[in-house]
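What's in structure-v7.tsv: TSV, C-alpha atoms
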chain	number	residue	atom	x	y	z
N	5	MET	CA	23.66	-18.17	-42.60
N	6	LYS	CA	20.81	-16.42	-40.77
N	7	THR	CA	21.67	-15.35	-37.19
N	8	ILE	CA	19.16	-15.60	-34.35
N	9	TYR	CA	19.46	-13.78	-31.02
N	10	LEU	CA	18.21	-16.12	-28.28
N	11	ALA	CA	16.31	-13.92	-25.82
N	12	GLY	CA	14.95	-15.46	-22.64
N	13	PRO	CA	15.16	-15.76	-18.86
N	14	GLU	CA	17.27	-18.95	-19.00
N	15	VAL	CA	20.29	-16.66	-18.48
N	16	PHE	CA	19.22	-16.63	-14.81
N	17	LEU	CA	19.29	-20.43	-14.41
N	18	SER	CA	22.09	-22.18	-12.53
N	19	ASP	CA	22.82	-23.99	-15.83
N	20	ALA	CA	22.52	-20.83	-17.95
N	21	ARG	CA	25.60	-21.56	-20.09
N	22	GLU	CA	24.53	-25.13	-20.77
N	23	MET	CA	21.08	-23.88	-21.85
N	24	GLY	CA	22.81	-21.51	-24.26
N	25	LEU	CA	24.86	-24.36	-25.73
N	26	ARG	CA	21.70	-26.50	-26.14
N	27	LYS	CA	19.84	-23.68	-27.89
N	28	LYS	CA	22.80	-22.85	-30.15
N	29	SER	CA	23.26	-26.52	-31.01
N	30	LEU	CA	19.59	-26.74	-32.10
N	31	CYS	CA	20.06	-23.58	-34.18
N	32	CYS	CA	22.99	-25.24	-35.99
N	33	GLU	CA	20.94	-28.37	-36.60
N	34	PHE	CA	18.40	-26.29	-38.55
N	35	GLY	CA	20.96	-24.19	-40.40
N	36	PHE	CA	20.88	-21.09	-38.21
N	37	CYS	CA	23.57	-19.40	-36.13
N	38	GLY	CA	22.44	-18.70	-32.55
N	39	LEU	CA	23.66	-15.69	-30.55
N	40	TYR	CA	23.26	-16.07	-26.79
N	41	PRO	CA	23.18	-13.14	-24.32
N	42	LEU	CA	26.15	-14.54	-22.38
N	43	ASP	CA	28.31	-14.71	-25.55
N	44	GLY	CA	29.55	-11.14	-25.54
N	45	ASP	CA	33.00	-10.11	-24.29
N	46	LEU	CA	32.82	-7.58	-21.50
N	47	PRO	CA	35.39	-4.85	-20.82
N	48	PRO	CA	36.71	-4.63	-17.24
N	49	ALA	CA	34.24	-2.67	-15.08
N	50	HIS	CA	34.79	-0.73	-11.87
N	51	SER	CA	31.38	-1.23	-10.29
N	52	ALA	CA	28.39	-3.55	-10.37
N	53	ARG	CA	26.42	-0.85	-12.14
N	54	GLU	CA	29.09	-0.43	-14.81
N	55	THR	CA	29.11	-4.21	-15.39
N	56	GLY	CA	25.30	-4.20	-15.78
N	57	LEU	CA	25.40	-1.41	-18.33
N	58	ALA	CA	28.24	-3.14	-20.24
N	59	ILE	CA	26.15	-6.34	-20.50
N	60	SER	CA	23.23	-4.28	-21.79
N	61	LEU	CA	25.44	-2.68	-24.45
N	62	ALA	CA	26.86	-6.08	-25.50
N	63	ASN	CA	23.35	-7.59	-25.79
N	64	GLU	CA	22.06	-4.63	-27.80
N	65	ALA	CA	25.02	-5.09	-30.15
N	66	LEU	CA	24.20	-8.80	-30.60
N	67	ILE	CA	20.57	-7.93	-31.42
N	68	ARG	CA	21.63	-5.28	-33.95
N	69	GLU	CA	23.88	-7.90	-35.56
N	70	ALA	CA	21.18	-10.61	-35.63
N	71	ASP	CA	18.67	-11.22	-38.43
N	72	MET	CA	15.97	-12.26	-36.01
N	73	VAL	CA	15.08	-12.70	-32.34
N	74	ILE	CA	13.42	-15.76	-30.83
N	75	ALA	CA	12.03	-14.72	-27.44
N	76	ASN	CA	11.18	-17.11	-24.61
N	77	LEU	CA	8.07	-15.41	-23.18
N	78	THR	CA	7.41	-18.01	-20.47
N	79	PRO	CA	6.06	-16.05	-17.44
N	80	PHE	CA	8.84	-15.00	-15.07
N	81	ARG	CA	8.45	-13.79	-11.45
N	82	GLY	CA	4.82	-12.83	-12.02
N	83	PRO	CA	2.10	-13.28	-14.62
N	84	SER	CA	4.09	-11.78	-17.52
N	85	ALA	CA	7.27	-12.53	-19.43
N	86	ASP	CA	10.75	-11.46	-18.26
N	87	VAL	CA	11.10	-7.70	-18.83
N	88	GLY	CA	14.66	-8.05	-20.15
N	89	THR	CA	13.42	-10.40	-22.86
N	90	VAL	CA	10.46	-8.11	-23.59
N	91	TYR	CA	12.75	-5.08	-23.95
N	92	GLU	CA	14.83	-7.08	-26.43
N	93	LEU	CA	11.70	-8.08	-28.36
N	94	GLY	CA	10.67	-4.41	-28.62
N	95	LEU	CA	14.20	-3.36	-29.60
N	96	ALA	CA	14.24	-5.97	-32.36
N	97	ARG	CA	10.83	-4.80	-33.58
N	98	GLY	CA	12.08	-1.20	-33.73
N	99	LEU	CA	15.14	-2.36	-35.68
N	100	GLY	CA	12.89	-4.16	-38.16
N	101	LYS	CA	14.16	-7.64	-37.31
N	102	GLN	CA	12.24	-10.87	-37.88
N	103	LEU	CA	10.52	-12.02	-34.64
N	104	ALA	CA	9.37	-15.32	-33.17
N	105	ALA	CA	8.44	-16.36	-29.64
N	106	TYR	CA	7.21	-19.19	-27.46
N	107	SER	CA	5.87	-19.73	-23.97
N	108	ASN	CA	5.97	-22.96	-21.96
N	109	VAL	CA	2.93	-21.98	-19.86
N	110	ALA	CA	-0.49	-22.76	-21.36
N	111	THR	CA	-2.71	-20.72	-18.99
N	112	PRO	CA	-3.98	-17.54	-20.72
N	113	TYR	CA	-2.95	-14.13	-19.38
N	114	LEU	CA	-6.36	-13.21	-17.92
N	115	GLN	CA	-6.42	-16.41	-15.87
N	116	ARG	CA	-2.79	-16.01	-14.76
N	117	VAL	CA	-3.43	-12.52	-13.35
N	118	TRP	CA	-6.69	-13.73	-11.81
N	119	ASP	CA	-4.85	-16.62	-10.12
N	120	LEU	CA	-2.29	-14.16	-8.74
N	121	SER	CA	-5.01	-11.83	-7.44
N	122	VAL	CA	-7.53	-14.19	-5.91
N	123	GLY	CA	-5.60	-17.47	-5.63
N	124	VAL	CA	-5.43	-20.42	-8.00
N	125	GLY	CA	-8.60	-22.44	-8.43
N	126	SER	CA	-11.41	-20.15	-9.55
N	127	PRO	CA	-11.97	-19.39	-13.24
N	128	ALA	CA	-11.56	-15.72	-14.22
N	129	PRO	CA	-14.89	-13.96	-14.80
N	130	ALA	CA	-15.83	-12.11	-18.00
N	131	GLY	CA	-16.60	-8.39	-18.33
N	132	ASP	CA	-14.60	-5.57	-16.81
N	133	VAL	CA	-12.18	-7.76	-14.86
N	134	ARG	CA	-9.87	-6.06	-12.32
N	135	ASP	CA	-7.10	-7.32	-10.06
N	136	ALA	CA	-6.87	-6.87	-6.28
N	137	ASP	CA	-5.49	-3.32	-6.81
N	138	GLY	CA	-8.41	-2.32	-9.05
N	139	LEU	CA	-6.21	-2.41	-12.15
N	140	LYS	CA	-7.88	-3.69	-15.29
N	141	ILE	CA	-6.83	-7.12	-16.54
N	142	GLU	CA	-6.59	-7.29	-20.34
N	143	GLU	CA	-9.31	-9.45	-21.88
N	144	PHE	CA	-8.13	-9.79	-25.46
N	145	ASP	CA	-7.85	-13.55	-25.58
N	146	LEU	CA	-4.07	-13.14	-25.78
N	147	HIS	CA	-1.20	-14.75	-23.95
N	148	ASP	CA	0.36	-11.65	-22.39
N	149	ASN	CA	0.16	-7.86	-22.67
N	150	LEU	CA	-1.20	-6.98	-26.13
N	151	MET	CA	1.93	-5.07	-27.19
N	152	LEU	CA	3.99	-8.29	-27.13
N	153	GLU	CA	1.72	-10.52	-29.18
N	154	GLY	CA	0.70	-7.54	-31.34
N	155	GLY	CA	4.30	-6.70	-32.20
N	156	ILE	CA	5.09	-10.29	-33.12
N	157	ALA	CA	1.94	-10.53	-35.25
N	158	GLN	CA	2.67	-7.23	-37.03
N	159	ALA	CA	6.19	-8.43	-37.78
N	160	GLY	CA	4.62	-11.54	-39.36
N	161	GLY	CA	6.17	-13.72	-36.64
N	162	LEU	CA	5.20	-17.01	-35.06
N	163	PHE	CA	4.21	-17.30	-31.39
N	164	LEU	CA	3.88	-20.86	-30.07
N	165	VAL	CA	2.28	-21.56	-26.69
N	166	ALA	CA	2.33	-24.85	-24.77
N	167	GLU	CA	-0.93	-26.79	-25.05
N	168	GLY	CA	-0.72	-28.36	-21.58
N	169	VAL	CA	1.49	-28.53	-18.52
N	170	VAL	CA	5.23	-28.60	-19.29
N	171	ALA	CA	7.27	-30.51	-16.68
N	172	ASP	CA	10.28	-28.16	-16.68
N	173	PRO	CA	9.09	-24.88	-18.23
N	174	TRP	CA	12.52	-23.21	-17.75
N	175	ARG	CA	14.39	-25.84	-19.73
N	176	ASP	CA	11.94	-27.47	-22.13
N	177	LEU	CA	12.97	-26.73	-25.73
N	178	THR	CA	10.12	-28.53	-27.55
N	179	LEU	CA	8.48	-25.32	-28.75
N	180	PHE	CA	11.83	-23.68	-29.47
N	181	ARG	CA	12.70	-26.66	-31.68
N	182	GLN	CA	9.30	-26.48	-33.42
N	183	LEU	CA	9.89	-22.81	-34.18
N	184	LEU	CA	13.31	-23.55	-35.72
N	185	GLU	CA	11.79	-26.35	-37.79
N	186	ARG	CA	9.07	-24.06	-39.14
N	187	LEU	CA	11.51	-21.22	-39.75
N	188	ALA	CA	13.89	-23.57	-41.60
N	189	SER	CA	11.05	-24.87	-43.79
N	190	VAL	CA	10.18	-21.37	-45.05
N	191	GLY	CA	13.89	-20.55	-45.62
A	11	MET	CA	6.76	21.12	-30.94
A	12	LYS	CA	8.39	17.92	-29.67
A	13	THR	CA	5.97	14.99	-29.20
A	14	ILE	CA	6.26	12.56	-26.28
A	15	TYR	CA	4.62	9.12	-26.14
A	16	LEU	CA	3.42	8.54	-22.56
A	17	ALA	CA	4.09	4.86	-21.85
A	18	GLY	CA	2.91	3.41	-18.55
A	19	PRO	CA	0.55	1.11	-16.70
A	20	GLU	CA	-1.87	3.92	-15.81
A	21	VAL	CA	-3.91	2.79	-18.83
A	22	PHE	CA	-5.14	-0.01	-16.55
A	23	LEU	CA	-6.44	2.34	-13.82
A	24	SER	CA	-10.16	3.00	-13.36
A	25	ASP	CA	-9.35	6.67	-14.08
A	26	ALA	CA	-7.06	5.87	-17.03
A	27	ARG	CA	-8.43	8.63	-19.28
A	28	GLU	CA	-8.16	11.26	-16.57
A	29	MET	CA	-4.53	10.24	-15.96
A	30	GLY	CA	-3.88	10.71	-19.67
A	31	LEU	CA	-5.39	14.19	-19.56
A	32	ARG	CA	-3.28	15.09	-16.52
A	33	LYS	CA	-0.08	13.89	-18.19
A	34	LYS	CA	-0.88	15.63	-21.49
A	35	SER	CA	-1.71	18.83	-19.66
A	36	LEU	CA	1.70	18.77	-17.93
A	37	CYS	CA	3.36	18.15	-21.31
A	38	CYS	CA	1.64	21.27	-22.69
A	39	GLU	CA	2.77	23.29	-19.68
A	40	PHE	CA	6.41	22.52	-20.55
A	41	GLY	CA	6.01	23.03	-24.30
A	42	PHE	CA	5.65	19.38	-25.33
A	43	CYS	CA	2.82	17.52	-27.03
A	44	GLY	CA	1.86	14.32	-25.21
A	45	LEU	CA	0.57	11.22	-27.01
A	46	TYR	CA	-1.34	8.80	-24.78
A	47	PRO	CA	-1.91	5.10	-25.59
A	48	LEU	CA	-5.70	5.53	-25.41
A	49	ASP	CA	-5.62	8.37	-27.99
A	50	GLY	CA	-5.68	6.25	-31.13
A	51	ASP	CA	-8.80	5.60	-33.20
A	52	LEU	CA	-9.57	1.91	-33.51
A	53	PRO	CA	-11.24	0.26	-36.50
A	54	PRO	CA	-14.25	-1.97	-35.73
A	55	ALA	CA	-13.03	-5.43	-34.68
A	56	HIS	CA	-14.76	-8.80	-34.81
A	57	SER	CA	-13.11	-10.41	-31.80
A	58	ALA	CA	-11.36	-9.56	-28.56
A	59	ARG	CA	-8.09	-10.72	-30.09
A	60	GLU	CA	-8.56	-8.50	-33.14
A	61	THR	CA	-9.24	-5.51	-30.84
A	62	GLY	CA	-6.07	-6.26	-28.88
A	63	LEU	CA	-3.95	-6.40	-32.02
A	64	ALA	CA	-5.54	-3.18	-33.34
A	65	ILE	CA	-4.61	-1.36	-30.10
A	66	SER	CA	-1.05	-2.65	-30.44
A	67	LEU	CA	-0.85	-1.37	-34.02
A	68	ALA	CA	-2.26	2.04	-33.01
A	69	ASN	CA	0.25	2.35	-30.13
A	70	GLU	CA	3.18	1.35	-32.34
A	71	ALA	CA	2.08	4.06	-34.81
A	72	LEU	CA	2.00	6.68	-32.02
A	73	ILE	CA	5.52	5.68	-30.93
A	74	ARG	CA	6.84	5.86	-34.51
A	75	GLU	CA	5.31	9.34	-34.75
A	76	ALA	CA	6.73	10.55	-31.40
A	77	ASP	CA	10.12	12.19	-30.87
A	78	MET	CA	10.57	10.56	-27.51
A	79	VAL	CA	9.07	8.13	-24.99
A	80	ILE	CA	8.70	8.77	-21.27
A	81	ALA	CA	8.14	5.39	-19.62
A	82	ASN	CA	6.57	4.89	-16.20
A	83	LEU	CA	8.63	1.93	-14.93
A	84	THR	CA	6.92	1.68	-11.52
A	85	PRO	CA	6.76	-2.08	-10.70
A	86	PHE	CA	3.52	-3.68	-11.88
A	87	ARG	CA	2.10	-7.07	-10.78
A	88	GLY	CA	5.49	-8.29	-9.64
A	89	PRO	CA	8.98	-6.94	-9.01
A	90	SER	CA	9.47	-5.46	-12.50
A	91	ALA	CA	7.88	-2.80	-14.68
A	92	ASP	CA	4.79	-3.42	-16.84
A	93	VAL	CA	5.82	-5.51	-19.86
A	94	GLY	CA	3.70	-3.43	-22.26
A	95	THR	CA	5.60	-0.31	-21.20
A	96	VAL	CA	8.92	-2.16	-21.42
A	97	TYR	CA	8.14	-3.39	-24.95
A	98	GLU	CA	7.40	0.20	-25.93
A	99	LEU	CA	10.68	1.38	-24.37
A	100	GLY	CA	12.58	-1.23	-26.39
A	101	LEU	CA	10.68	-0.36	-29.57
A	102	ALA	CA	11.51	3.33	-29.10
A	103	ARG	CA	15.18	2.46	-28.53
A	104	GLY	CA	15.22	0.43	-31.74
A	105	LEU	CA	13.65	3.34	-33.61
A	106	GLY	CA	16.35	5.68	-32.26
A	107	LYS	CA	13.95	7.82	-30.23
A	108	GLN	CA	14.91	9.91	-27.21
A	109	LEU	CA	14.12	8.04	-23.94
A	110	ALA	CA	13.31	9.01	-20.36
A	111	ALA	CA	11.76	7.06	-17.50
A	112	TYR	CA	10.73	7.19	-13.86
A	113	SER	CA	9.65	4.84	-11.10
A	114	ASN	CA	7.58	5.70	-8.05
A	115	VAL	CA	9.02	2.81	-6.01
A	116	ALA	CA	12.32	3.47	-4.22
A	117	THR	CA	13.25	-0.12	-3.25
A	118	PRO	CA	16.09	-1.47	-5.49
A	119	TYR	CA	15.41	-4.45	-7.78
A	120	LEU	CA	17.46	-6.97	-5.80
A	121	GLN	CA	15.51	-6.19	-2.63
A	122	ARG	CA	12.14	-6.27	-4.44
A	123	VAL	CA	12.78	-9.77	-5.80
A	124	TRP	CA	14.12	-10.86	-2.43
A	125	ASP	CA	10.97	-9.56	-0.70
A	126	LEU	CA	8.83	-11.49	-3.20
A	127	SER	CA	10.83	-14.69	-2.64
A	128	VAL	CA	11.31	-14.80	1.10
A	129	GLY	CA	8.80	-12.24	2.38
A	130	VAL	CA	9.22	-8.57	3.19
A	131	GLY	CA	11.39	-7.74	6.17
A	132	SER	CA	14.84	-9.24	5.69
A	133	PRO	CA	17.56	-7.41	3.77
A	134	ALA	CA	18.77	-9.15	0.60
A	135	PRO	CA	22.17	-10.85	1.01
A	136	ALA	CA	25.20	-10.18	-1.20
A	137	GLY	CA	26.96	-12.71	-3.43
A	138	ASP	CA	25.29	-15.14	-5.80
A	139	VAL	CA	21.71	-14.32	-4.77
A	140	ARG	CA	18.92	-16.60	-6.05
A	141	ASP	CA	15.13	-16.55	-5.72
A	142	ALA	CA	12.93	-19.37	-4.41
A	143	ASP	CA	13.08	-21.06	-7.86
A	144	GLY	CA	16.90	-21.00	-7.91
A	145	LEU	CA	16.91	-18.23	-10.53
A	146	LYS	CA	19.67	-15.67	-10.19
A	147	ILE	CA	18.65	-12.20	-9.02
A	148	GLU	CA	20.58	-9.45	-10.80
A	149	GLU	CA	23.02	-7.62	-8.51
A	150	PHE	CA	24.05	-4.66	-10.60
A	151	ASP	CA	22.91	-1.92	-8.27
A	152	LEU	CA	20.18	-1.07	-10.80
A	153	HIS	CA	16.48	-0.45	-10.46
A	154	ASP	CA	15.17	-3.22	-12.73
A	155	ASN	CA	16.50	-5.67	-15.33
A	156	LEU	CA	19.74	-4.29	-16.75
A	157	MET	CA	18.42	-4.05	-20.32
A	158	LEU	CA	15.94	-1.33	-19.27
A	159	GLU	CA	18.28	0.99	-17.43
A	160	GLY	CA	21.08	0.13	-19.88
A	161	GLY	CA	18.98	1.11	-22.90
A	162	ILE	CA	17.95	4.40	-21.32
A	163	ALA	CA	21.56	5.18	-20.37
A	164	GLN	CA	22.87	4.32	-23.85
A	165	ALA	CA	20.23	6.59	-25.38
A	166	GLY	CA	21.52	9.37	-23.12
A	167	GLY	CA	18.19	9.42	-21.27
A	168	LEU	CA	17.19	10.35	-17.73
A	169	PHE	CA	15.79	7.79	-15.27
A	170	LEU	CA	14.38	9.25	-12.05
A	171	VAL	CA	13.51	7.00	-9.10
A	172	ALA	CA	11.51	7.95	-6.00
A	173	GLU	CA	13.69	8.63	-2.96
A	174	GLY	CA	11.15	7.39	-0.41
A	175	VAL	CA	7.62	6.00	-0.11
A	176	VAL	CA	5.14	7.56	-2.55
A	177	ALA	CA	1.58	7.62	-1.21
A	178	ASP	CA	-0.18	6.82	-4.50
A	179	PRO	CA	2.50	5.31	-6.78
A	180	TRP	CA	0.00	4.74	-9.63
A	181	ARG	CA	-1.03	8.39	-9.84
A	182	ASP	CA	1.81	10.48	-8.45
A	183	LEU	CA	3.25	12.70	-11.20
A	184	THR	CA	6.03	14.42	-9.21
A	185	LEU	CA	8.85	12.61	-11.02
A	186	PHE	CA	7.07	12.86	-14.37
A	187	ARG	CA	6.86	16.62	-13.87
A	188	GLN	CA	10.54	16.79	-12.86
A	189	LEU	CA	11.49	14.95	-16.05
A	190	LEU	CA	9.50	17.39	-18.20
A	191	GLU	CA	11.11	20.31	-16.41
A	192	ARG	CA	14.60	18.96	-17.04
A	193	LEU	CA	13.80	18.07	-20.65
A	194	ALA	CA	12.39	21.55	-21.26
A	195	SER	CA	15.48	23.19	-19.78
A	196	VAL	CA	17.81	21.42	-22.26
A	197	GLY	CA	15.48	22.20	-25.20

Spit out the file's structure as structure tokens when you get a sec.
Amino acid sequence: MKTIYLAGPEVFLSDAREMGLRKKSLCCEFGFCGLYPLDGDLPPAHSARETGLAISLANEALIREADMVIANLTPFRGPSADVGTVYELGLARGLGKQLAAYSNVATPYLQRVWDLSVGVGSPAPAGDVRDADGLKIEEFDLHDNLMLEGGIAQAGGLFLVAEGVVADPWRDLTLFRQLLERLASVG
Amino acid sequence: MKTIYLAGPEVFLSDAREMGLRKKSLCCEFGFCGLYPLDGDLPPAHSARETGLAISLANEALIREADMVIANLTPFRGPSADVGTVYELGLARGLGKQLAAYSNVATPYLQRVWDLSVGVGSPAPAGDVRDADGLKIEEFDLHDNLMLEGGIAQAGGLFLVAEGVVADPWRDLTLFRQLLERLASVG
């Protein structure tokens, strides 16, 4: 049975464990075995820092063990995806794993950064667009930094993005389910 | 000569190419060969999206070619590092490359997220700390999401963080230079 590491910022939710159970249950339904970041056993640690590093080691081990990673790239605390999830996506790419991803926010990256810089409500211009700090905003008609979508594309992976507003973007599993369905249909 | 891929958000600066030249020049000074994300040759593309994906492919090729990655993890458009840089750090970890990183912002991660959630000025509490959306803020005494610092530590890499306020955090190369110096001294 193919194993899938479930990368995403839902580990920070108050119902993080329940979200893991829901995602793993959907994996089972489609014939996959889900591995969730909170699954790993941790050795006793003597400091907060040691605990953090032990979680990192346990998650890296789960990714090495997995056949593929499905990353939840819904924007997190800013215009881009959660960096922990993004690190895991890159790690999986380096390890040659199969990749897939989804985002529950429909607004394109350029517009998201523009909204953050000048306030929501005005459409992002075209041309050499820069944020309030003078930093260039990518204009590649992509959904986040080009390395993310590029890596998924080069791995032959699927990236599904919401088509409209999602009521609870942290918990909605519609796109996650669609990914599993499509992955199951190709075997 | 050891080659180092220079990952960081300075590619978005108005003087991005000059920053690349400065970083590569410092690499030379310490006996390394720097590879900068804007170095790659790009094939003609027919759309913005195609250009974006071609840049991603070129950068992945540079990282595969490099012996190590030095990542600039200075927070970018939010409390965490640039996701493009973080993807590249993860990719390099998956490929078994040597890693090193630095950040020009001294404030710890917990306090940075707290500042973003409740406004700058009040110290972050201890305990089960959550942001304005109810999402848990990591409390591992680390400088960003635990996967980043964990991956660097597990690769035996150095991570230098500014000790105070840096006047121009986008362009200051003091810590980058210190990393090169330490890397050169161990051979």

Can you tell me how far CA of Tyr46 (chain A) sits from CA of Lys33 (chain A), in Å to one decimal?
8.4 Å

Excluding region 94-107 of chain A and residues on its chain fewer than 4 positions from it, collect all residues at most 7 Å away from it, counting all atoms listed in the file, and give them as a ChimeraX atom specification.
/N:87,90-99,149,151-152 /A:17-19,73,77-79,81,161

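Nearest to Glu20 (chain A) of all the residues N:Gly138, N:Pro112, N:Pro173, N:Gly154 is N:Gly138, counting only C-alpha atoms.
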
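Relative to CA of Trp174 (chain N), CA of Leu17 (chain N) is found at 8.0 Å.
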
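The coordinates place CA of Asp92 (chain A) at 13.9 Å from CA of Pro47 (chain A).
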
Set up a box along x, y and z of the file covering all listed atoms of region 138-144 of chain A, add 3 Å on every one of the six sides, and write the centre and edge lengths in Å to one decimal, as JSON.
{"center_x": 19.1, "center_y": -17.7, "center_z": -6.2, "size_x": 18.4, "size_y": 12.7, "size_z": 9.5}

Contacts of Leu183 (chain A) within 10 Å, all atoms listed in the file, excl. fewer than 4 positions in-chain, as number ranges by chain:
A: 29, 32-33, 36, 82, 112, 114, 178-179, 187-189

Neighbouring residues of Pro79 (chain N) were defined as those with any atom within 9 Å, considering all atoms listed in the file; residues of the same chain fewer than 3 positions away were excluded. Please report them as a CSV table (one decimal) with C-alpha atoms, in the frame of the given file.
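New file selection.csv:
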chain,number,residue,atom,x,y,z
N,76,ASN,CA,11.2,-17.1,-24.6
N,82,GLY,CA,4.8,-12.8,-12.0
N,83,PRO,CA,2.1,-13.3,-14.6
N,84,SER,CA,4.1,-11.8,-17.5
N,85,ALA,CA,7.3,-12.5,-19.4
N,86,ASP,CA,10.8,-11.5,-18.3
N,107,SER,CA,5.9,-19.7,-24.0
N,108,ASN,CA,6.0,-23.0,-22.0
N,109,VAL,CA,2.9,-22.0,-19.9
N,148,ASP,CA,0.4,-11.6,-22.4

Sphere at (-9.8, 5.3, -22.1), radius 12 Å, counting all atoms listed in the file: residues as an NGL selection string:
(:N and (140)) or (:A and (20-31 or 46-52 or 65))

Any chance you could model N, CA and C atoms for region 65-84 of chain A and send them as a compact mmCIF listing (two decimals), keeping the file's coordinate frame?
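Listed below is the output, part_19.txt:
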# COMPACT_ATOMS: atom_id res chain seq x y z
N ILE A 65 -5.16 -2.30 -31.08
CA ILE A 65 -4.61 -1.36 -30.10
C ILE A 65 -3.08 -1.36 -30.19
N SER A 66 -2.50 -2.54 -30.31
CA SER A 66 -1.05 -2.65 -30.44
C SER A 66 -0.56 -1.87 -31.66
N LEU A 67 -1.24 -2.05 -32.78
CA LEU A 67 -0.85 -1.37 -34.02
C LEU A 67 -0.95 0.15 -33.86
N ALA A 68 -2.05 0.60 -33.22
CA ALA A 68 -2.26 2.04 -33.01
C ALA A 68 -1.16 2.62 -32.11
N ASN A 69 -0.80 1.87 -31.04
CA ASN A 69 0.25 2.35 -30.13
C ASN A 69 1.62 2.38 -30.81
N GLU A 70 1.89 1.35 -31.61
CA GLU A 70 3.18 1.35 -32.34
C GLU A 70 3.24 2.57 -33.27
N ALA A 71 2.11 2.90 -33.89
CA ALA A 71 2.08 4.06 -34.81
C ALA A 71 2.35 5.35 -34.04
N LEU A 72 1.77 5.48 -32.84
CA LEU A 72 2.00 6.68 -32.02
C LEU A 72 3.48 6.80 -31.64
N ILE A 73 4.10 5.66 -31.32
CA ILE A 73 5.52 5.68 -30.93
C ILE A 73 6.40 6.06 -32.13
N ARG A 74 6.08 5.51 -33.30
CA ARG A 74 6.84 5.86 -34.51
C ARG A 74 6.75 7.36 -34.81
N GLU A 75 5.57 7.92 -34.49
CA GLU A 75 5.31 9.34 -34.75
C GLU A 75 6.01 10.24 -33.71
N ALA A 76 6.20 9.72 -32.50
CA ALA A 76 6.73 10.55 -31.40
C ALA A 76 8.22 10.81 -31.55
N ASP A 77 8.68 11.91 -30.93
CA ASP A 77 10.12 12.19 -30.87
C ASP A 77 10.77 11.46 -29.72
N MET A 78 9.99 11.25 -28.66
CA MET A 78 10.57 10.56 -27.51
C MET A 78 9.50 9.79 -26.74
N VAL A 79 9.96 8.89 -25.87
CA VAL A 79 9.07 8.13 -24.99
C VAL A 79 9.46 8.40 -23.56
N ILE A 80 8.47 8.75 -22.72
CA ILE A 80 8.70 8.77 -21.27
C ILE A 80 7.97 7.57 -20.70
N ALA A 81 8.72 6.64 -20.12
CA ALA A 81 8.14 5.39 -19.62
C ALA A 81 8.00 5.40 -18.10
N ASN A 82 6.81 5.08 -17.63
CA ASN A 82 6.57 4.89 -16.20
C ASN A 82 6.95 3.45 -15.85
N LEU A 83 8.11 3.27 -15.23
CA LEU A 83 8.63 1.93 -14.93
C LEU A 83 8.34 1.49 -13.49
N THR A 84 7.36 2.11 -12.85
CA THR A 84 6.92 1.68 -11.52
C THR A 84 6.54 0.19 -11.58
